[in-house]
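Have a look at run11.txt below; it lists compact mmCIF, C-alpha atoms.
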```txt
# COMPACT_ATOMS: atom_id res chain seq x y z
CA MET A 1117 0.00 0.00 0.00
CA ALA A 1118 1.39 3.39 -1.01
CA ILE A 1119 1.72 6.23 1.48
CA PRO A 1120 -0.38 9.17 0.32
CA PHE A 1121 1.65 12.29 -0.63
CA PRO A 1122 0.36 15.60 0.72
CA HIS A 1123 -1.67 17.66 -1.66
CA THR A 1124 0.54 19.51 -4.18
CA SER A 1125 -0.86 22.90 -3.13
CA LEU A 1126 1.00 22.43 0.19
CA LEU A 1127 4.43 22.24 -1.51
CA PRO A 1128 4.93 26.04 -1.58
CA LEU A 1129 4.27 26.12 2.17
CA LEU A 1130 6.87 23.44 2.73
CA ALA A 1131 9.38 25.42 0.64
CA LEU A 1132 8.99 28.64 2.69
CA PRO A 1133 11.37 27.61 5.50
CA LEU A 1134 14.01 26.63 2.93
CA ILE A 1135 13.67 29.97 1.13
CA TYR A 1136 13.84 31.88 4.43
CA TRP A 1137 17.02 30.02 5.39
CA ALA A 1138 18.65 30.69 1.98
CA PHE A 1139 18.06 34.45 2.20
CA ASN A 1140 19.44 34.72 5.73
CA LEU A 1141 22.93 33.32 5.13
CA ARG A 1142 24.40 36.81 5.27
CA LYS A 1143 26.63 37.73 8.21
CA GLN A 1144 26.34 41.02 10.02
CA THR A 1145 29.53 42.79 11.09
CA LYS A 1146 29.78 45.94 13.21
CA LEU A 1147 32.95 48.02 13.05
CA VAL A 1148 34.19 51.18 14.72
CA PHE A 1149 37.22 52.99 13.39
CA TYR A 1150 38.63 56.50 13.22
CA VAL A 1151 39.70 58.54 10.20
CA HIS A 1152 42.31 61.26 10.73
CA ASP A 1153 41.65 63.92 8.10
CA TYR A 1154 44.43 66.55 8.02
CA LEU A 1155 44.55 69.29 5.38
CA SER A 1156 47.53 70.98 7.08
CA GLY A 1157 50.58 70.21 9.20
CA TYR A 1158 53.54 67.87 8.93
CA ASP A 1159 51.19 64.87 8.62
CA THR A 1160 48.92 66.27 5.88
CA SER A 1161 46.81 63.48 4.41
CA ALA A 1162 44.44 65.49 2.20
CA ILE A 1163 44.96 68.23 -0.37
CA THR A 1164 42.71 70.50 -2.40
CA VAL A 1165 43.05 69.56 -6.07
CA ALA A 1166 40.46 71.88 -7.63
CA GLY A 1167 38.28 74.81 -6.75
CA LYS A 1168 37.07 78.23 -7.85
CA ASP A 1169 40.49 79.74 -7.08
CA GLY A 1170 42.51 76.64 -7.96
CA PRO A 1171 44.26 74.42 -5.39
CA GLN A 1172 44.35 77.31 -2.87
CA THR A 1173 40.54 77.22 -2.54
CA SER A 1174 39.29 76.24 0.92
CA VAL A 1175 37.36 72.99 1.25
CA LEU A 1176 34.70 75.19 2.89
CA HIS A 1177 33.78 76.72 -0.52
CA PHE A 1178 31.27 75.27 -2.99
CA GLY A 1179 32.87 73.31 -5.84
CA THR A 1180 36.13 72.49 -4.09
CA MET A 1181 37.49 68.97 -4.58
CA VAL A 1182 39.86 67.36 -2.08
CA ALA A 1183 41.86 64.15 -2.58
CA VAL A 1184 42.39 62.14 0.63
CA ASP A 1185 44.68 59.37 1.83
CA ASP A 1186 43.86 59.47 5.54
CA PRO A 1187 45.08 57.04 8.20
CA VAL A 1188 42.43 54.78 9.73
CA THR A 1189 43.03 53.82 13.36
CA GLU A 1190 41.52 51.67 16.10
CA GLY A 1191 41.01 54.63 18.42
CA PRO A 1192 40.69 58.42 18.28
CA ASP A 1193 44.24 59.05 19.50
CA PRO A 1194 46.55 59.85 16.55
CA LYS A 1195 49.02 57.36 18.09
CA SER A 1196 46.45 54.53 17.99
CA LYS A 1197 47.26 51.45 15.91
CA VAL A 1198 46.84 52.16 12.18
CA THR A 1199 44.61 49.50 10.61
CA GLY A 1200 44.13 51.01 7.16
CA ARG A 1201 43.78 54.01 4.88
CA SER A 1202 40.79 56.03 3.73
CA GLN A 1203 41.44 56.92 0.09
CA GLY A 1204 39.18 58.89 -2.22
CA MET A 1205 37.73 62.36 -2.53
CA TYR A 1206 35.42 64.92 -0.99
CA ILE A 1207 33.57 67.49 -3.06
CA ASN A 1208 31.94 70.52 -1.47
CA SER A 1209 28.56 70.13 -3.15
CA GLN A 1210 26.42 72.54 -1.16
CA LEU A 1211 25.99 76.09 -2.53
CA ASP A 1212 26.51 77.70 0.89
CA GLY A 1213 29.69 75.60 1.37
CA LYS A 1214 28.34 73.72 4.39
CA GLY A 1215 28.30 70.19 3.04
CA LEU A 1216 30.50 67.65 1.32
CA HIS A 1217 29.82 64.63 -0.84
CA LEU A 1218 32.14 61.78 0.19
CA VAL A 1219 33.38 58.97 -2.04
CA PHE A 1220 36.19 56.88 -0.59
CA SER A 1221 37.54 53.40 0.04
CA VAL A 1222 38.56 52.15 3.46
CA ILE A 1223 41.47 49.82 2.72
CA PHE A 1224 42.33 47.59 5.66
CA THR A 1225 46.10 47.02 5.89
CA ASP A 1226 46.29 45.28 9.27
CA GLY A 1227 44.19 43.19 11.62
CA GLU A 1228 41.35 40.78 11.00
CA TYR A 1229 40.19 42.48 7.78
CA LYS A 1230 43.64 42.99 6.21
CA GLY A 1231 43.37 43.05 2.41
CA SER A 1232 39.65 43.86 2.45
CA THR A 1233 37.94 47.11 1.51
CA LEU A 1234 34.71 48.99 2.12
CA GLU A 1235 33.42 51.51 -0.43
CA ILE A 1236 31.72 54.48 1.21
CA GLN A 1237 29.52 57.15 -0.31
CA GLY A 1238 27.31 59.84 1.18
CA ALA A 1239 26.75 63.36 2.41
CA ASP A 1240 28.68 65.13 5.16
CA LEU A 1241 26.42 68.03 6.15
CA PHE A 1242 28.35 70.16 8.61
CA ALA A 1243 25.27 71.17 10.65
CA MET A 1244 24.40 67.57 11.54
CA LYS A 1245 25.95 66.02 14.63
CA GLU A 1246 25.58 62.49 13.25
CA LYS A 1247 25.90 61.91 9.51
CA GLU A 1248 24.66 58.72 7.90
CA PHE A 1249 26.42 57.27 4.87
CA SER A 1250 26.13 54.20 2.67
CA ILE A 1251 28.42 51.23 2.31
CA VAL A 1252 27.93 50.49 -1.39
CA SER A 1253 30.46 47.72 -2.02
CA GLY A 1254 33.44 45.85 -0.66
CA THR A 1255 36.09 43.25 -1.32
CA GLY A 1256 37.77 40.37 0.49
CA TYR A 1257 36.01 39.66 3.78
CA PHE A 1258 33.31 42.14 2.74
CA ILE A 1259 32.42 40.70 -0.67
CA PHE A 1260 28.84 41.56 -1.73
CA VAL A 1261 28.54 43.91 1.24
CA ARG A 1262 25.65 46.28 1.89
CA GLY A 1263 25.36 48.55 4.85
CA TYR A 1264 25.39 51.94 6.43
CA GLY A 1265 27.40 53.94 8.87
CA ILE A 1266 27.19 56.89 11.20
CA MET A 1267 29.98 59.44 11.23
CA THR A 1268 30.58 61.72 14.21
CA THR A 1269 33.30 64.30 14.68
CA GLN A 1270 35.58 63.42 17.61
CA PHE A 1271 37.92 66.40 17.13
CA ILE A 1272 37.89 69.41 14.84
CA ASP A 1273 40.29 72.31 14.32
CA ILE A 1274 38.57 74.46 11.67
CA PRO A 1275 41.30 77.15 11.32
CA ASN A 1276 43.87 74.42 10.50
CA LEU A 1277 41.38 72.11 8.73
CA ARG A 1278 42.15 69.06 10.85
CA ALA A 1279 39.57 66.54 12.05
CA ILE A 1280 39.26 63.09 13.59
CA LEU A 1281 36.08 61.28 12.56
CA LYS A 1282 34.51 58.25 14.22
CA LEU A 1283 32.82 55.84 11.82
CA ASP A 1284 30.33 53.36 13.28
CA VAL A 1285 29.62 50.85 10.50
CA THR A 1286 27.09 48.02 10.21
CA VAL A 1287 27.33 45.77 7.17
CA LYS A 1288 25.76 42.57 5.91
CA HIS A 1289 27.85 40.29 3.71
CA TYR A 1290 28.51 36.66 2.85
```

As structure tokens - that is how I would like this structure written.
Amino acid sequence: MAIPFPHTSLLPLLALPLIYWAFNLRKQTKLVFYVHDYLSGYDTSAITVAGKDGPQTSVLHFGTMVAVDDPVTEGPDPKSKVTGRSQGMYINSQLDGKGLHLVFSVIFTDGEYKGSTLEIQGADLFAMKEKEFSIVSGTGYFIFVRGYGIMTTQFIDIPNLRAILKLDVTVKHY
């Protein structure tokens, strides 16, 4: 005697747990790191490359473009362990000069994520205490990454254009 098979209309219901499991294979990783952005001093890591008045234009003026190669550290202290570099550009994209558009890669050169990258893009509106940004891509440990981050200013010296930024990042990846 054959065992009766459940009605075929129940098969999609049986497949739901399998589909749910397949779509939840992604890992979630939370990171905190600090970017030391210095447009002046002996340890300059960013320079103005274009602007209304050429390379002498302040980053605080609309249309100014800055190239960056900032150290990334474990803590806010400039002497903290360097774990990578933040390389890319900022463009002052707000007419009143009070906001940047950020496009940069965080390249991990030490630690657990050495050899991996995160690609970051978003707005840095000076008036906001916390600025959200997108993680749009990644490599290595962060392949097929998606996520977001919150940037807060830990230290700022406006006359000398020096800042230390804290990035709190949450990403999902395989």

Range 1220-1230 of chain A surroundings by all atoms listed in the file, 10 Å radius, close-in-sequence under 3 positions cut, as a PyMOL selection string: chain A and resi 1151+1183-1190+1197-1206+1233-1238+1251+1253-1258

Spatial neighbours of Leu1216 in chain A, 10 Å, all atoms listed in the file, chain gap at least 5 places, as a VMD selection string: chain A and resid 1175 to 1182 1205 to 1210 1238 to 1242

For Pro1192 in chain A, the nearest of the candidates A:His1289, A:Ile1272, A:Tyr1150, A:Phe1249, counting only C-alpha atoms: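 Comparing A:His1289, A:Ile1272, A:Tyr1150, A:Phe1249 against Pro1192 in chain A, the winner is A:Tyr1150.
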
Nearest-residue call for Pro1194 in chain A, choices A:Leu1218, A:Ile1274, A:Leu1211, A:Ile1280, using all atoms listed in the file: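 Looking at the shortest contact to Pro1194 in chain A, the residue is A:Ile1280.
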
Proximity to Gln1144 in chain A - best of A:Gly1215, A:Phe1271, A:Ser1156, A:Val1261, all atoms listed in the file: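 Ranked by minimum distance to Gln1144 in chain A, first place goes to A:Val1261.
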
Interatomic distance (Å, one decimal) between CA of Gly1263 in chain A and CA of Asp1212 in chain A: 29.4 Å

Tyr1264 in chain A environment, 8 Å, all atoms listed in the file, sequence neighbours closer than 4 positions dropped, as a VMD selection string: chain A and resid 1248 to 1251 1285 to 1287

Keeping only C-alpha atoms, take the residues you just selected and write them out as a CSV table (one decimal), in the frame of the given file.
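Once written, part-v4.csv looks like this:
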```csv
chain,number,residue,atom,x,y,z
A,1248,GLU,CA,24.7,58.7,7.9
A,1249,PHE,CA,26.4,57.3,4.9
A,1250,SER,CA,26.1,54.2,2.7
A,1251,ILE,CA,28.4,51.2,2.3
A,1285,VAL,CA,29.6,50.8,10.5
A,1286,THR,CA,27.1,48.0,10.2
A,1287,VAL,CA,27.3,45.8,7.2
```

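In this comparison, which uses all atoms listed in the file, the residue of A:Gly1191, A:Gly1213, A:Gly1265, A:Gly1157 approaching Leu1283 in chain A most closely is A:Gly1265.
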
Best match for closeness to Gly1231 in chain A among A:Val1252, A:Ile1259, A:Ala1162, A:Ala1243, counting all atoms listed in the file: A:Ile1259
